[in-house]
>>> print(open('final35.txt').read())   # compact mmCIF, C-alpha atoms and all ligand atoms
# COMPACT_ATOMS: atom_id res chain seq x y z
CA MET A 1 -49.35 -26.95 63.24
CA ASN A 2 -46.98 -24.56 61.50
CA ASP A 3 -46.07 -21.07 62.79
CA LYS A 4 -48.56 -19.29 60.57
CA GLN A 5 -51.45 -21.52 61.66
CA GLU A 6 -50.50 -21.00 65.30
CA MET A 7 -50.37 -17.24 64.78
CA ARG A 8 -53.81 -17.22 63.13
CA ALA A 9 -55.22 -19.29 66.00
CA LEU A 10 -53.64 -16.93 68.56
CA ILE A 11 -55.05 -13.84 66.84
CA LEU A 12 -58.54 -15.31 66.65
CA SER A 13 -58.57 -16.59 70.22
CA THR A 14 -57.27 -13.22 71.48
CA PHE A 15 -60.05 -11.28 69.76
CA ASN A 16 -62.72 -13.83 70.66
CA ASN A 17 -61.67 -13.77 74.30
CA ARG A 18 -61.38 -10.00 74.71
CA TYR A 19 -64.44 -8.65 76.49
CA ALA A 20 -65.38 -5.24 77.84
CA CYS A 21 -65.01 -6.01 81.53
CA LYS A 22 -68.03 -4.90 83.59
CA GLY A 23 -66.76 -5.75 87.07
CA TYR A 24 -63.24 -5.86 88.54
CA ASP A 25 -61.73 -7.63 91.51
CA PRO A 26 -60.13 -4.74 93.46
CA LYS A 27 -57.63 -7.11 95.10
CA LYS A 28 -56.03 -8.19 91.83
CA LYS A 29 -53.39 -5.89 90.37
CA VAL A 30 -51.89 -5.77 86.89
CA SER A 31 -48.12 -6.18 87.09
CA ALA A 32 -45.83 -3.26 86.30
CA GLU A 33 -44.29 -5.34 83.49
CA ASP A 34 -47.67 -5.99 81.85
CA PHE A 35 -48.75 -2.37 82.17
CA LYS A 36 -45.49 -1.23 80.62
CA VAL A 37 -46.14 -3.41 77.56
CA ILE A 38 -49.74 -2.15 77.29
CA MET A 39 -48.45 1.44 77.33
CA GLU A 40 -45.88 0.61 74.67
CA ALA A 41 -48.73 -0.66 72.47
CA ALA A 42 -50.30 2.80 72.92
CA ARG A 43 -47.11 4.78 72.39
CA LEU A 44 -46.20 2.90 69.22
CA SER A 45 -49.63 3.38 67.63
CA PRO A 46 -49.85 5.02 64.22
CA SER A 47 -51.28 8.52 63.74
CA SER A 48 -52.04 10.82 60.84
CA MET A 49 -48.72 12.21 59.55
CA GLY A 50 -47.16 10.76 62.70
CA LEU A 51 -48.31 13.66 64.86
CA GLU A 52 -49.28 11.52 67.89
CA PRO A 53 -52.15 13.78 68.96
CA TRP A 54 -52.56 12.16 72.36
CA LYS A 55 -51.49 11.96 75.97
CA PHE A 56 -52.25 9.26 78.54
CA ILE A 57 -52.87 9.88 82.21
CA LEU A 58 -52.66 6.98 84.64
CA LEU A 59 -55.07 8.08 87.34
CA ASN A 60 -54.22 6.48 90.68
CA ASN A 61 -55.59 9.24 92.89
CA LYS A 62 -58.63 7.89 94.82
CA GLY A 63 -60.02 11.35 95.62
CA ILE A 64 -60.10 12.40 91.98
CA LYS A 65 -61.65 9.06 90.98
CA GLU A 66 -64.41 9.64 93.57
CA ARG A 67 -65.06 13.11 92.15
CA ILE A 68 -65.36 11.73 88.60
CA LYS A 69 -67.64 8.80 89.51
CA PRO A 70 -71.00 10.66 89.60
CA PHE A 71 -70.38 11.94 86.06
CA ALA A 72 -69.07 8.71 84.54
CA TRP A 73 -71.91 6.20 84.37
CA GLY A 74 -69.93 3.98 81.98
CA ALA A 75 -66.88 3.92 84.24
CA GLU A 76 -68.45 3.11 87.63
CA ALA A 77 -67.20 -0.49 87.77
CA SER A 78 -63.77 0.48 86.49
CA LEU A 79 -63.36 3.37 88.92
CA ALA A 80 -64.40 1.09 91.77
CA GLY A 81 -62.24 -1.95 91.13
CA ALA A 82 -59.85 -1.72 88.18
CA SER A 83 -56.15 -2.01 88.88
CA HIS A 84 -55.20 0.73 86.37
CA PHE A 85 -57.41 3.57 85.14
CA VAL A 86 -56.17 5.65 82.21
CA LEU A 87 -57.54 8.88 80.74
CA ILE A 88 -56.83 9.40 77.05
CA LEU A 89 -56.46 13.04 76.07
CA ALA A 90 -56.50 14.43 72.52
CA ARG A 91 -54.66 17.52 71.28
CA LYS A 92 -56.63 20.70 70.65
CA PRO A 93 -56.63 22.54 67.26
CA LYS A 94 -54.11 25.06 68.68
CA ASP A 95 -51.54 22.22 68.62
CA MET A 96 -52.75 20.32 65.57
CA LYS A 97 -52.74 23.19 63.07
CA CYS A 98 -49.86 23.06 60.60
CA ASP A 99 -48.17 26.24 61.91
CA SER A 100 -48.30 25.31 65.63
CA GLU A 101 -45.37 25.02 68.01
CA TYR A 102 -46.36 21.39 68.60
CA VAL A 103 -46.25 20.45 64.90
CA GLU A 104 -42.85 22.16 64.64
CA TYR A 105 -41.65 20.22 67.72
CA MET A 106 -42.91 16.91 66.30
CA MET A 107 -41.44 17.41 62.85
CA ASN A 108 -38.11 18.77 64.14
CA ASP A 109 -37.33 17.11 67.49
CA VAL A 110 -39.21 13.81 67.10
CA GLN A 111 -39.33 13.05 63.38
CA HIS A 112 -35.99 14.78 62.65
CA PHE A 113 -37.07 16.21 59.30
CA THR A 114 -34.74 18.66 57.56
CA ASP A 115 -35.82 22.33 57.27
CA GLU A 116 -36.84 21.74 53.66
CA LEU A 117 -38.81 18.56 54.36
CA ARG A 118 -40.55 20.21 57.34
CA GLN A 119 -41.77 23.01 55.11
CA THR A 120 -43.01 20.55 52.49
CA ARG A 121 -44.77 18.43 55.13
CA LYS A 122 -46.37 21.50 56.74
CA ASN A 123 -47.73 22.66 53.39
CA LYS A 124 -49.07 19.17 52.76
CA LEU A 125 -50.63 19.10 56.23
CA LYS A 126 -52.26 22.50 55.66
CA ASN A 127 -53.79 21.42 52.37
CA PHE A 128 -54.91 18.09 53.83
CA GLN A 129 -56.55 19.73 56.86
CA LYS A 130 -58.17 22.54 54.86
CA ASN A 131 -59.26 20.94 51.59
CA ASP A 132 -59.45 17.19 52.15
CA LEU A 133 -60.64 16.85 55.73
CA LYS A 134 -62.24 20.33 55.81
CA LEU A 135 -61.21 20.75 59.44
CA MET A 136 -61.06 24.56 59.29
CA GLU A 137 -64.86 24.75 59.29
CA SER A 138 -65.09 24.28 63.07
CA GLU A 139 -62.84 23.88 66.09
CA ARG A 140 -64.99 20.89 67.00
CA SER A 141 -64.22 18.98 63.80
CA PHE A 142 -60.53 19.73 64.32
CA PHE A 143 -60.65 18.33 67.84
CA ASP A 144 -62.72 15.34 66.68
CA TRP A 145 -59.97 14.51 64.17
CA ALA A 146 -57.49 14.22 67.04
CA CYS A 147 -60.03 12.27 69.15
CA ARG A 148 -60.65 9.78 66.34
CA GLN A 149 -56.95 9.01 66.30
CA THR A 150 -56.85 8.28 70.04
CA TYR A 151 -59.13 5.29 69.40
CA ILE A 152 -56.17 3.59 67.66
CA PRO A 153 -54.02 3.40 70.83
CA LEU A 154 -57.23 2.58 72.70
CA ALA A 155 -57.76 -0.48 70.47
CA ASN A 156 -54.11 -1.48 70.57
CA MET A 157 -54.11 -1.33 74.37
CA LEU A 158 -57.21 -3.56 74.47
CA THR A 159 -55.53 -6.14 72.25
CA ALA A 160 -52.19 -6.00 74.08
CA ALA A 161 -54.01 -6.49 77.39
CA ALA A 162 -56.00 -9.43 75.97
CA LEU A 163 -52.79 -11.10 74.78
CA LEU A 164 -51.42 -10.78 78.31
CA GLY A 165 -54.60 -12.18 79.88
CA VAL A 166 -55.47 -8.79 81.40
CA ASP A 167 -59.12 -7.70 81.40
CA SER A 168 -59.96 -4.22 80.13
CA THR A 169 -62.76 -1.74 79.46
CA PRO A 170 -62.86 0.98 76.81
CA MET A 171 -65.04 3.90 77.95
CA GLU A 172 -66.76 6.98 76.63
CA GLY A 173 -69.78 6.77 78.93
CA PHE A 174 -69.27 9.98 80.87
CA ASN A 175 -70.26 13.64 80.80
CA TYR A 176 -67.36 15.31 79.05
CA ASP A 177 -67.94 18.84 80.36
CA ALA A 178 -68.35 17.71 83.97
CA VAL A 179 -65.31 15.41 83.97
CA GLU A 180 -63.14 17.95 82.16
CA LYS A 181 -64.14 20.60 84.72
CA ILE A 182 -62.91 18.33 87.53
CA LEU A 183 -59.65 17.58 85.71
CA VAL A 184 -59.05 21.30 85.21
CA GLU A 185 -59.77 22.03 88.89
CA GLU A 186 -57.37 19.27 89.88
CA GLY A 187 -54.67 20.78 87.66
CA ILE A 188 -54.52 17.69 85.42
CA LEU A 189 -55.95 19.16 82.23
CA ASP A 190 -54.78 22.22 80.32
CA THR A 191 -57.72 22.81 77.96
CA GLU A 192 -55.67 25.08 75.74
CA HIS A 193 -53.72 22.04 74.56
CA PHE A 194 -55.83 18.98 75.44
CA GLY A 195 -59.38 17.71 75.76
CA LEU A 196 -60.65 14.44 77.16
CA SER A 197 -61.27 11.82 74.45
CA CYS A 198 -61.94 8.49 76.17
CA MET A 199 -60.89 6.29 79.07
CA ILE A 200 -59.59 2.75 79.50
CA ALA A 201 -59.28 0.49 82.53
CA PHE A 202 -57.27 -2.68 83.21
CA GLY A 203 -57.53 -5.35 85.86
CA TYR A 204 -59.02 -8.77 86.50
CA LYS A 205 -62.71 -9.62 86.31
CA ASN A 206 -64.82 -10.47 89.37
CA ARG A 207 -67.67 -12.02 87.34
CA GLU A 208 -68.16 -13.81 84.03
CA HIS A 209 -68.15 -11.61 80.94
CA ARG A 210 -71.31 -11.17 78.92
CA PRO A 211 -71.26 -13.60 75.98
CA LYS A 212 -69.94 -11.99 72.80
CA THR A 213 -72.44 -11.02 70.10
CA ARG A 214 -71.41 -9.95 66.60
CA ARG A 215 -72.97 -9.77 63.14
CA CYS A 216 -71.72 -12.42 60.73
CA ILE A 217 -68.87 -11.70 58.29
CA GLU A 218 -71.20 -11.71 55.25
CA GLU A 219 -73.06 -8.80 56.82
CA VAL A 220 -70.02 -6.67 57.54
CA LEU A 221 -67.77 -7.44 54.55
CA GLU A 222 -68.76 -6.55 51.00
CA ILE A 223 -66.44 -7.64 48.21
CA ILE A 224 -66.37 -5.71 44.95
CA ASP A 225 -64.60 -7.59 42.13
C1 LIG B 1 -65.70 3.57 72.00
C2 LIG B 1 -66.27 2.65 73.02
C3 LIG B 1 -66.86 3.17 74.14
C4 LIG B 1 -67.35 2.31 75.14
N1 LIG B 1 -67.83 2.85 76.31
C5 LIG B 1 -68.11 2.02 77.33
C6 LIG B 1 -68.41 2.53 78.61
O1 LIG B 1 -68.43 3.74 78.84
N2 LIG B 1 -68.64 1.66 79.62
C7 LIG B 1 -68.61 0.31 79.42
O2 LIG B 1 -68.82 -0.44 80.39
N3 LIG B 1 -68.35 -0.22 78.20
C8 LIG B 1 -68.08 0.60 77.17
N4 LIG B 1 -67.75 0.07 75.94
C9 LIG B 1 -67.74 -1.38 75.75
C10 LIG B 1 -68.83 -1.87 74.79
O3 LIG B 1 -70.06 -1.85 75.44
C11 LIG B 1 -68.45 -3.27 74.32
O4 LIG B 1 -67.20 -3.22 73.68
C12 LIG B 1 -69.47 -3.85 73.34
O5 LIG B 1 -70.70 -4.01 73.96
C13 LIG B 1 -69.02 -5.20 72.78
O6 LIG B 1 -68.74 -6.10 73.82
P1 LIG B 1 -67.31 -6.80 73.95
O7 LIG B 1 -66.29 -5.70 73.94
O8 LIG B 1 -67.34 -7.50 75.28
O9 LIG B 1 -67.14 -7.72 72.82
C14 LIG B 1 -67.29 0.91 74.95
C15 LIG B 1 -66.70 0.42 73.78
C16 LIG B 1 -66.17 1.26 72.85
C17 LIG B 1 -65.46 0.69 71.65
>>> encode(input="final35.txt", output="structure tokens", more="lines below")
Ligand SMILES: Cc1cc2nc3c(=O)[nH]c(=O)nc-3n(C[C@H](O)[C@H](O)[C@H](O)COP(=O)(O)O)c2cc1C
Amino acid sequence: MNDKQEMRALILSTFNNRYACKGYDPKKKVSAEDFKVIMEAARLSPSSMGLEPWKFILLNNKGIKERIKPFAWGAEASLAGASHFVLILARKPKDMKCDSEYVEYMMNDVQHFTDELRQTRKNKLKNFQKNDLKLMESERSFFDWACRQTYIPLANMLTAAALLGVDSTPMEGFNYDAVEKILVEEGILDTEHFGLSCMIAFGYKNREHRPKTRRCIEEVLEIID
């Protein structure tokens, strides 16, 4: 087999063998090295205009996990037994609007754009947000734009974990208001700048995964010549 064939086989086996884990062995821990790589997959994810509208919180605190549990039906197994439990936050419109301090920080301190290029990019961002995406119509659609982008690091973390043989679960099965209220009370969430988007857990399974079911390629891919 040549390198390309091996790479194709690796990609396919990784995706075929990645499952949403529904039960974790609490005794098995993900190594610090593996978790570091998984977080790098998140950090290096692409985002619209490179604005990285996310933050990740590794929640180790048992008390806070217990408080969240009653309001997170989709995360029960993960909260009980996963080695690592991560909250994915998305930036609020206050930060994502073209004239925000955060956008200025990103374009200046992170992306190192010149004054002139920053102004051009901000004008482009304003037009894109207002006329193309029509985000100005509601704060909710603005926040949803940031949330949508957090699903890219979510997916990359799932794939990185699968490549490392680590089981994982993506989650949005929780009551957002109730969980956010707890995070605010615990001093974890500043709702002026962030909202909760989704969650992800890592660990090692304590039962067999449910067999994978997917529609066939002909059903999901349409080719227009
Ligand atoms: C955005 C998203 C949210 C999900 N939320 C949950 C959840 O809250 N709890 C859970 O156990 N699984 C959750 N899942 C996992 C799905 O149920 C699972 O990916 C799907 O059934 C396909 O199974 P597979 O991932 O094992 O192939 C979620 C998946 C995605 C992509």
>>> residues_near_ligand(input="final35.txt", ligand="ligand LIG 1 (chain B)", cutoff="10 Å", atoms="all atoms listed in the file", output="ChimeraX atom specification")
/A:15-23,72-78,148,151,154-155,158,168-174,197-201,209-214
>>> closest_residue(input="final35.txt", among="A:Ile182, A:Asp167, A:Ala162, A:Glu101", to="Glu66 (chain A)", atoms="all atoms listed in the file")
A:Ile182
>>> closest_residue(input="final35.txt", among="A:Val103, A:Val166, A:Val179, A:Ile223", to="Ile38 (chain A)", atoms="all atoms listed in the file")
A:Val166
>>> atom_distance(input="final35.txt", atom1="CA of Lys69 (chain A)", atom2="CA of Phe202 (chain A)")
16.7 Å
>>> closest_residue(input="final35.txt", among="A:Lys134, A:Lys28, A:His112, A:Lys36", to="Ala160 (chain A)", atoms="only C-alpha atoms")
A:Lys36
>>> atom_distance(input="final35.txt", atom1="CA of Asp115 (chain A)", atom2="CA of Met49 (chain A)")
16.6 Å
>>> closest_residue(input="final35.txt", among="A:Ile224, A:Glu52, A:Asp144, A:Cys216", to="Gln111 (chain A)", atoms="only C-alpha atoms")
A:Glu52
>>> atom_distance(input="final35.txt", atom1="CA of Tyr204 (chain A)", atom2="CA of Leu189 (chain A)")
28.4 Å
>>> closest_residue(input="final35.txt", among="A:Pro53, A:Gly203, A:Gly63, A:Pro153", to="Asp34 (chain A)", atoms="all atoms listed in the file")
A:Gly203
>>> residues_around(input="final35.txt", residues="Lys92 (chain A)", least_positions_apart="5", cutoff="7 Å", atoms="all atoms listed in the file", output="PDB file with C-alpha atoms, keeping the file's coordinate frame")
ATOM      1  CA  PHE A 143     -60.650  18.330  67.840  1.00  0.00           C
ATOM      2  CA  GLU A 192     -55.670  25.080  75.740  1.00  0.00           C
ATOM      3  CA  HIS A 193     -53.720  22.040  74.560  1.00  0.00           C
ATOM      4  CA  PHE A 194     -55.830  18.980  75.440  1.00  0.00           C
ATOM      5  CA  GLY A 195     -59.380  17.710  75.760  1.00  0.00           C
TER       6      GLY A 195
END
>>> closest_residue(input="final35.txt", among="A:Lys94, A:Ile188, A:Phe128, A:Glu218", to="Leu58 (chain A)", atoms="all atoms listed in the file")
A:Ile188
